[in-house]
$ cat protein22.cif   # mmCIF, N, CA and C atoms
data_protein
loop_
_atom_site.label_atom_id
_atom_site.label_comp_id
_atom_site.auth_asym_id
_atom_site.auth_seq_id
_atom_site.Cartn_x
_atom_site.Cartn_y
_atom_site.Cartn_z
N MET D 1456 -5.86 -4.95 58.02
CA MET D 1456 -5.03 -4.82 56.84
C MET D 1456 -5.91 -4.98 55.60
N PRO D 1457 -5.81 -4.05 54.66
CA PRO D 1457 -6.67 -4.15 53.47
C PRO D 1457 -6.23 -5.28 52.56
N GLN D 1458 -7.18 -5.79 51.83
CA GLN D 1458 -6.88 -6.86 50.90
C GLN D 1458 -6.12 -6.29 49.70
N ILE D 1459 -5.16 -7.04 49.23
CA ILE D 1459 -4.37 -6.57 48.10
C ILE D 1459 -5.17 -6.70 46.81
N HIS D 1460 -5.89 -7.79 46.64
CA HIS D 1460 -6.65 -8.03 45.42
C HIS D 1460 -8.14 -7.92 45.70
N ASP D 1461 -8.58 -6.73 46.01
CA ASP D 1461 -9.99 -6.49 46.26
C ASP D 1461 -10.70 -6.37 44.92
N PRO D 1462 -11.69 -7.20 44.62
CA PRO D 1462 -12.35 -7.15 43.31
C PRO D 1462 -13.05 -5.83 43.05
N TYR D 1463 -13.57 -5.19 44.07
CA TYR D 1463 -14.24 -3.91 43.87
C TYR D 1463 -13.25 -2.82 43.50
N LEU D 1464 -12.10 -2.82 44.17
CA LEU D 1464 -11.07 -1.85 43.82
C LEU D 1464 -10.52 -2.11 42.42
N ASP D 1465 -10.34 -3.36 42.08
CA ASP D 1465 -9.86 -3.70 40.74
C ASP D 1465 -10.85 -3.23 39.67
N THR D 1466 -12.13 -3.41 39.91
CA THR D 1466 -13.16 -2.96 38.96
C THR D 1466 -13.15 -1.45 38.84
N ALA D 1467 -13.02 -0.76 39.97
CA ALA D 1467 -12.99 0.70 39.94
C ALA D 1467 -11.76 1.19 39.20
N ARG D 1468 -10.60 0.57 39.45
CA ARG D 1468 -9.37 0.97 38.74
C ARG D 1468 -9.52 0.73 37.24
N ARG D 1469 -10.09 -0.40 36.89
CA ARG D 1469 -10.25 -0.74 35.48
C ARG D 1469 -11.17 0.26 34.78
N SER D 1470 -12.28 0.62 35.43
CA SER D 1470 -13.21 1.57 34.81
C SER D 1470 -12.58 2.95 34.71
N LEU D 1471 -11.81 3.37 35.73
CA LEU D 1471 -11.12 4.66 35.65
C LEU D 1471 -10.07 4.64 34.54
N ASN D 1472 -9.37 3.54 34.40
CA ASN D 1472 -8.38 3.41 33.34
C ASN D 1472 -9.05 3.45 31.97
N ASP D 1473 -10.19 2.78 31.82
CA ASP D 1473 -10.92 2.82 30.56
C ASP D 1473 -11.39 4.22 30.23
N GLU D 1474 -11.83 4.96 31.24
CA GLU D 1474 -12.27 6.34 31.01
C GLU D 1474 -11.09 7.21 30.59
N LYS D 1475 -9.93 7.02 31.21
CA LYS D 1475 -8.74 7.79 30.81
C LYS D 1475 -8.37 7.49 29.37
N ILE D 1476 -8.46 6.22 28.99
CA ILE D 1476 -8.14 5.84 27.61
C ILE D 1476 -9.11 6.49 26.63
N LYS D 1477 -10.40 6.49 26.95
CA LYS D 1477 -11.39 7.12 26.07
C LYS D 1477 -11.15 8.62 25.94
N ILE D 1478 -10.85 9.28 27.07
CA ILE D 1478 -10.60 10.73 27.04
C ILE D 1478 -9.35 11.02 26.21
N ARG D 1479 -8.29 10.22 26.38
CA ARG D 1479 -7.06 10.44 25.62
C ARG D 1479 -7.31 10.21 24.13
N LYS D 1480 -8.09 9.19 23.78
CA LYS D 1480 -8.39 8.96 22.36
C LYS D 1480 -9.18 10.11 21.77
N GLN D 1481 -10.14 10.66 22.53
CA GLN D 1481 -10.92 11.79 22.04
C GLN D 1481 -10.04 13.01 21.84
N LYS D 1482 -9.11 13.27 22.77
CA LYS D 1482 -8.19 14.39 22.62
C LYS D 1482 -7.32 14.22 21.39
N ILE D 1483 -6.81 13.01 21.21
CA ILE D 1483 -5.94 12.75 20.06
C ILE D 1483 -6.72 12.93 18.76
N GLU D 1484 -7.96 12.45 18.70
CA GLU D 1484 -8.76 12.59 17.49
C GLU D 1484 -9.07 14.05 17.19
N LYS D 1485 -9.27 14.86 18.23
CA LYS D 1485 -9.56 16.28 18.01
C LYS D 1485 -8.33 17.05 17.56
N THR D 1486 -7.18 16.76 18.18
CA THR D 1486 -5.99 17.55 17.90
C THR D 1486 -5.24 17.09 16.66
N GLN D 1487 -5.25 15.81 16.38
CA GLN D 1487 -4.48 15.31 15.25
C GLN D 1487 -5.39 15.03 14.06
N LYS D 1488 -4.83 15.26 12.91
CA LYS D 1488 -5.53 14.88 11.70
C LYS D 1488 -5.34 13.38 11.48
N LYS D 1489 -6.21 12.81 10.69
CA LYS D 1489 -6.05 11.39 10.40
C LYS D 1489 -4.78 11.19 9.58
N PRO D 1490 -4.00 10.19 9.93
CA PRO D 1490 -2.75 9.97 9.20
C PRO D 1490 -3.04 9.53 7.76
N LYS D 1491 -2.23 10.04 6.86
CA LYS D 1491 -2.40 9.67 5.46
C LYS D 1491 -1.63 8.40 5.12
N ASN D 1492 -0.68 8.06 5.96
CA ASN D 1492 0.16 6.91 5.72
C ASN D 1492 -0.05 5.89 6.84
N PHE D 1493 -0.13 4.63 6.50
CA PHE D 1493 -0.35 3.58 7.50
C PHE D 1493 0.79 3.51 8.51
N LEU D 1494 2.01 3.75 8.07
CA LEU D 1494 3.16 3.64 8.97
C LEU D 1494 3.32 4.86 9.87
N SER D 1495 2.58 5.94 9.63
CA SER D 1495 2.71 7.13 10.47
C SER D 1495 1.67 7.19 11.57
N LYS D 1496 0.92 6.12 11.78
CA LYS D 1496 -0.08 6.10 12.85
C LYS D 1496 0.60 6.08 14.21
N ASN D 1497 0.03 6.82 15.18
CA ASN D 1497 0.55 6.84 16.53
C ASN D 1497 -0.16 5.76 17.34
N ILE D 1498 0.61 4.82 17.88
CA ILE D 1498 0.03 3.70 18.63
C ILE D 1498 0.54 3.75 20.06
N ILE D 1499 -0.39 3.74 21.01
CA ILE D 1499 -0.04 3.70 22.43
C ILE D 1499 -0.37 2.30 22.92
N LEU D 1500 0.64 1.57 23.32
CA LEU D 1500 0.49 0.16 23.67
C LEU D 1500 -0.40 -0.05 24.89
N SER D 1501 -0.39 0.89 25.81
CA SER D 1501 -1.19 0.72 27.04
C SER D 1501 -2.69 0.80 26.76
N ASP D 1502 -3.08 1.29 25.60
CA ASP D 1502 -4.50 1.29 25.24
C ASP D 1502 -4.99 -0.11 24.89
N TYR D 1503 -4.10 -0.98 24.49
CA TYR D 1503 -4.49 -2.31 24.04
C TYR D 1503 -4.17 -3.40 25.05
N ILE D 1504 -3.11 -3.22 25.83
CA ILE D 1504 -2.69 -4.24 26.79
C ILE D 1504 -2.65 -3.61 28.17
N THR D 1505 -3.44 -4.16 29.09
CA THR D 1505 -3.41 -3.68 30.47
C THR D 1505 -2.80 -4.76 31.34
N LEU D 1506 -1.66 -4.44 31.94
CA LEU D 1506 -0.95 -5.36 32.81
C LEU D 1506 -0.71 -4.70 34.16
N PRO D 1507 -0.59 -5.48 35.21
CA PRO D 1507 -0.24 -4.89 36.51
C PRO D 1507 1.12 -4.20 36.43
N GLU D 1508 1.24 -3.06 37.09
CA GLU D 1508 2.45 -2.25 36.95
C GLU D 1508 3.71 -2.95 37.43
N ASN D 1509 3.64 -3.70 38.51
CA ASN D 1509 4.84 -4.32 39.07
C ASN D 1509 5.24 -5.60 38.36
N LEU D 1510 4.31 -6.24 37.70
CA LEU D 1510 4.57 -7.56 37.12
C LEU D 1510 4.67 -7.55 35.60
N GLU D 1511 4.82 -6.38 34.98
CA GLU D 1511 4.82 -6.30 33.52
C GLU D 1511 5.89 -7.17 32.89
N LYS D 1512 7.13 -7.04 33.37
CA LYS D 1512 8.24 -7.75 32.74
C LYS D 1512 8.12 -9.26 32.91
N ILE D 1513 7.68 -9.69 34.07
CA ILE D 1513 7.54 -11.13 34.32
C ILE D 1513 6.44 -11.72 33.44
N ILE D 1514 5.32 -11.02 33.34
CA ILE D 1514 4.20 -11.51 32.53
C ILE D 1514 4.58 -11.54 31.06
N LEU D 1515 5.23 -10.48 30.56
CA LEU D 1515 5.64 -10.46 29.16
C LEU D 1515 6.67 -11.55 28.86
N LEU D 1516 7.57 -11.83 29.80
CA LEU D 1516 8.54 -12.90 29.60
C LEU D 1516 7.86 -14.26 29.52
N THR D 1517 6.91 -14.51 30.41
CA THR D 1517 6.21 -15.80 30.35
C THR D 1517 5.37 -15.91 29.08
N PHE D 1518 4.76 -14.80 28.65
CA PHE D 1518 4.03 -14.83 27.39
C PHE D 1518 4.97 -15.13 26.24
N PHE D 1519 6.17 -14.51 26.25
CA PHE D 1519 7.15 -14.70 25.19
C PHE D 1519 7.61 -16.15 25.11
N ILE D 1520 7.65 -16.83 26.25
CA ILE D 1520 8.11 -18.22 26.27
C ILE D 1520 6.97 -19.19 25.95
N PHE D 1521 5.81 -19.03 26.59
CA PHE D 1521 4.78 -20.06 26.52
C PHE D 1521 3.82 -19.93 25.35
N ILE D 1522 3.51 -18.74 24.89
CA ILE D 1522 2.57 -18.60 23.77
C ILE D 1522 3.13 -19.23 22.49
N PRO D 1523 4.39 -18.94 22.09
CA PRO D 1523 4.90 -19.65 20.91
C PRO D 1523 4.98 -21.16 21.09
N TYR D 1524 5.29 -21.62 22.30
CA TYR D 1524 5.37 -23.07 22.53
C TYR D 1524 3.99 -23.71 22.36
N ILE D 1525 2.98 -23.12 22.94
CA ILE D 1525 1.62 -23.67 22.82
C ILE D 1525 1.15 -23.60 21.38
N PHE D 1526 1.43 -22.49 20.70
CA PHE D 1526 1.05 -22.35 19.30
C PHE D 1526 1.79 -23.37 18.44
N GLY D 1527 3.07 -23.62 18.75
CA GLY D 1527 3.84 -24.63 18.03
C GLY D 1527 3.28 -26.02 18.22
N LEU D 1528 2.83 -26.33 19.45
CA LEU D 1528 2.19 -27.62 19.68
C LEU D 1528 0.91 -27.75 18.87
N LEU D 1529 0.14 -26.68 18.78
CA LEU D 1529 -1.08 -26.73 17.97
C LEU D 1529 -0.76 -26.95 16.49
N VAL D 1530 0.29 -26.29 16.00
CA VAL D 1530 0.68 -26.49 14.61
C VAL D 1530 1.11 -27.94 14.38
N ILE D 1531 1.86 -28.50 15.32
CA ILE D 1531 2.29 -29.90 15.18
C ILE D 1531 1.09 -30.84 15.21
N ILE D 1532 0.12 -30.57 16.08
CA ILE D 1532 -1.08 -31.41 16.13
C ILE D 1532 -1.81 -31.36 14.79
N ILE D 1533 -1.95 -30.18 14.23
CA ILE D 1533 -2.68 -30.02 12.97
C ILE D 1533 -1.91 -30.65 11.81
N MET D 1534 -0.60 -30.44 11.76
CA MET D 1534 0.18 -30.90 10.62
C MET D 1534 0.55 -32.39 10.69
N MET D 1535 0.90 -32.87 11.87
CA MET D 1535 1.44 -34.22 11.97
C MET D 1535 0.51 -35.22 12.63
N GLY D 1536 -0.43 -34.77 13.38
CA GLY D 1536 -1.35 -35.69 14.03
C GLY D 1536 -1.02 -35.89 15.50
N TYR D 1537 -1.88 -36.60 16.17
CA TYR D 1537 -1.80 -36.75 17.62
C TYR D 1537 -0.63 -37.62 18.06
N GLN D 1538 -0.27 -38.65 17.30
CA GLN D 1538 0.83 -39.53 17.71
C GLN D 1538 2.17 -38.79 17.74
N LYS D 1539 2.42 -37.96 16.75
CA LYS D 1539 3.65 -37.17 16.75
C LYS D 1539 3.61 -36.14 17.88
N PHE D 1540 2.42 -35.66 18.22
CA PHE D 1540 2.27 -34.70 19.31
C PHE D 1540 2.76 -35.29 20.62
N LEU D 1541 2.47 -36.56 20.86
CA LEU D 1541 2.91 -37.21 22.10
C LEU D 1541 4.43 -37.29 22.18
N GLU D 1542 5.10 -37.42 21.04
CA GLU D 1542 6.56 -37.43 21.04
C GLU D 1542 7.13 -36.06 21.39
N TYR D 1543 6.45 -34.99 20.98
CA TYR D 1543 6.96 -33.64 21.20
C TYR D 1543 6.61 -33.07 22.57
N THR D 1544 5.85 -33.78 23.38
CA THR D 1544 5.51 -33.27 24.70
C THR D 1544 6.46 -33.75 25.78
N THR D 1545 7.47 -34.52 25.42
CA THR D 1545 8.46 -34.93 26.42
C THR D 1545 9.30 -33.72 26.81
N LEU D 1546 9.92 -33.79 27.98
CA LEU D 1546 10.69 -32.66 28.48
C LEU D 1546 12.14 -32.72 28.01
N ASN D 1547 12.33 -32.63 26.73
CA ASN D 1547 13.65 -32.59 26.12
C ASN D 1547 13.88 -31.16 25.64
N PHE D 1548 15.01 -30.56 25.99
CA PHE D 1548 15.25 -29.16 25.65
C PHE D 1548 15.28 -28.93 24.15
N ASP D 1549 15.89 -29.84 23.41
CA ASP D 1549 15.96 -29.68 21.95
C ASP D 1549 14.56 -29.69 21.32
N LEU D 1550 13.71 -30.60 21.77
CA LEU D 1550 12.34 -30.63 21.25
C LEU D 1550 11.56 -29.40 21.67
N PHE D 1551 11.79 -28.93 22.91
CA PHE D 1551 11.13 -27.71 23.36
C PHE D 1551 11.50 -26.54 22.46
N MET D 1552 12.78 -26.39 22.15
CA MET D 1552 13.22 -25.28 21.30
C MET D 1552 12.69 -25.43 19.88
N LEU D 1553 12.60 -26.67 19.39
CA LEU D 1553 12.04 -26.89 18.06
C LEU D 1553 10.58 -26.48 18.01
N VAL D 1554 9.81 -26.91 18.99
CA VAL D 1554 8.38 -26.57 19.03
C VAL D 1554 8.22 -25.07 19.23
N TRP D 1555 9.04 -24.46 20.08
CA TRP D 1555 8.97 -23.02 20.32
C TRP D 1555 9.27 -22.25 19.04
N THR D 1556 10.27 -22.70 18.29
CA THR D 1556 10.63 -22.03 17.04
C THR D 1556 9.51 -22.14 16.01
N ILE D 1557 8.90 -23.30 15.91
CA ILE D 1557 7.77 -23.48 14.98
C ILE D 1557 6.64 -22.53 15.36
N GLY D 1558 6.32 -22.46 16.63
CA GLY D 1558 5.26 -21.57 17.09
C GLY D 1558 5.60 -20.11 16.88
N TYR D 1559 6.85 -19.74 17.14
CA TYR D 1559 7.29 -18.35 16.96
C TYR D 1559 7.16 -17.94 15.50
N GLU D 1560 7.61 -18.80 14.61
CA GLU D 1560 7.52 -18.48 13.18
C GLU D 1560 6.07 -18.43 12.71
N ALA D 1561 5.23 -19.32 13.20
CA ALA D 1561 3.82 -19.30 12.81
C ALA D 1561 3.15 -18.02 13.30
N ILE D 1562 3.46 -17.59 14.52
CA ILE D 1562 2.90 -16.33 15.03
C ILE D 1562 3.43 -15.15 14.22
N ALA D 1563 4.71 -15.17 13.87
CA ALA D 1563 5.29 -14.08 13.09
C ALA D 1563 4.63 -13.97 11.72
N ILE D 1564 4.41 -15.09 11.06
CA ILE D 1564 3.74 -15.07 9.76
C ILE D 1564 2.31 -14.55 9.90
N SER D 1565 1.61 -14.99 10.94
CA SER D 1565 0.23 -14.53 11.16
C SER D 1565 0.19 -13.02 11.40
N LEU D 1566 1.12 -12.51 12.20
CA LEU D 1566 1.14 -11.07 12.47
C LEU D 1566 1.51 -10.27 11.22
N LEU D 1567 2.44 -10.78 10.43
CA LEU D 1567 2.78 -10.07 9.19
C LEU D 1567 1.59 -10.03 8.23
N LEU D 1568 0.87 -11.12 8.11
CA LEU D 1568 -0.32 -11.12 7.26
C LEU D 1568 -1.38 -10.16 7.79
N LEU D 1569 -1.54 -10.10 9.10
CA LEU D 1569 -2.49 -9.17 9.71
C LEU D 1569 -2.09 -7.72 9.45
N ILE D 1570 -0.80 -7.41 9.53
CA ILE D 1570 -0.33 -6.06 9.26
C ILE D 1570 -0.57 -5.70 7.80
N ILE D 1571 -0.30 -6.62 6.89
CA ILE D 1571 -0.52 -6.35 5.47
C ILE D 1571 -2.01 -6.13 5.20
N LYS D 1572 -2.87 -6.95 5.81
CA LYS D 1572 -4.31 -6.78 5.63
C LYS D 1572 -4.77 -5.42 6.15
N ASN D 1573 -4.28 -5.02 7.33
CA ASN D 1573 -4.65 -3.72 7.89
C ASN D 1573 -4.15 -2.57 7.04
N ALA D 1574 -2.97 -2.72 6.44
CA ALA D 1574 -2.46 -1.67 5.57
C ALA D 1574 -3.33 -1.52 4.33
N ILE D 1575 -3.79 -2.64 3.78
CA ILE D 1575 -4.66 -2.58 2.59
C ILE D 1575 -6.00 -1.96 2.95
N VAL D 1576 -6.58 -2.36 4.08
CA VAL D 1576 -7.86 -1.79 4.51
C VAL D 1576 -7.71 -0.31 4.82
N PHE D 1577 -6.59 0.10 5.42
CA PHE D 1577 -6.33 1.51 5.72
C PHE D 1577 -6.25 2.32 4.44
N LYS D 1578 -5.60 1.77 3.43
CA LYS D 1578 -5.47 2.46 2.15
C LYS D 1578 -6.83 2.65 1.50
N LYS D 1579 -7.70 1.63 1.58
CA LYS D 1579 -9.03 1.73 0.99
C LYS D 1579 -9.90 2.73 1.75
N SER D 1580 -9.74 2.81 3.08
CA SER D 1580 -10.59 3.71 3.87
C SER D 1580 -10.19 5.17 3.69
N THR D 1581 -8.94 5.45 3.31
CA THR D 1581 -8.52 6.83 3.11
C THR D 1581 -8.87 7.33 1.72
N ASP D 1582 -9.14 6.43 0.80
CA ASP D 1582 -9.48 6.86 -0.57
C ASP D 1582 -10.89 7.38 -0.67
#

$ encode --input "protein22.cif" --output "structure tokens"
Amino acid sequence: MPQIHDPYLDTARRSLNDEKIKIRKQKIEKTQKKPKNFLSKNIILSDYITLPENLEKIILLTFFIFIPYIFGLLVIIIMMGYQKFLEYTTLNFDLFMLVWTIGYEAIAISLLLLIIKNAIVFKKSTD
């Protein structure tokens, strides 16, 4: 019986996938003109995030739950200090949701600032 997670097969699949992405990007660059507007850019998500085909939804759900929580804990450590951090690590649902919300909002603000920065850089590069 073949191994399900063969590292050599995984490496071969990854390199073939990378080659497909490069070929698709080259085709898109040849056929399409550069967008004049930042919001009219065509973005293919699979070029940036590679996930196993069968586990996409499960992985994205766990990322959606745990990344904001961990980021919220980091914000609490930075803002309030280590002693308050110990209070927020208890398994209380209300505290979990509070920390998750803080992390979610911090990530949202960071992403909005990143989008604004990219829009400004895009505007300068087209001029």

$ closest_residue --input "protein22.cif" --among "D:Tyr1463, D:Phe1551, D:Phe1577, D:Tyr1503" --to "Tyr1524 of chain D" --atoms "only N, CA and C atoms"
D:Phe1551

$ select_by_dssp --input "protein22.cif" --residues "chain D" --states "helix (DSSP H, G or I)" --output "PyMOL selection string"
chain D and resi 1462-1486+1493-1495+1500-1502+1511-1535+1537-1543+1548-1581

$ closest_residue --input "protein22.cif" --among "D:Ile1520, D:Ala1561, D:Met1552, D:Lys1578" --to "Lys1491 of chain D" --atoms "only N, CA and C atoms"
D:Lys1578

$ atom_distance --input "protein22.cif" --atom1 "atom CA of Leu1494 of chain D" --atom2 "atom CA of Thr1556 of chain D"
27.9 Å

$ atom_distance --input "protein22.cif" --atom1 "atom CA of Lys1480 of chain D" --atom2 "atom C of Lys1496 of chain D"
12.5 Å

$ atom_distance --input "protein22.cif" --atom1 "atom C of Ser1580 of chain D" --atom2 "atom CA of Ile1483 of chain D"
18.5 Å

$ closest_residue --input "protein22.cif" --among "D:Phe1526, D:Thr1486, D:Pro1462, D:Ala1467" --to "Tyr1559 of chain D" --atoms "all atoms listed in the file"
D:Phe1526

$ closest_residue --input "protein22.cif" --among "D:Phe1493, D:Leu1528, D:Leu1553, D:Arg1469" --to "Ile1575 of chain D" --atoms "only C-alpha atoms"
D:Phe1493

$ closest_residue --input "protein22.cif" --among "D:Lys1572, D:Val1554, D:Ile1504, D:Glu1474" --to "Phe1521 of chain D" --atoms "only C-alpha atoms"
D:Val1554
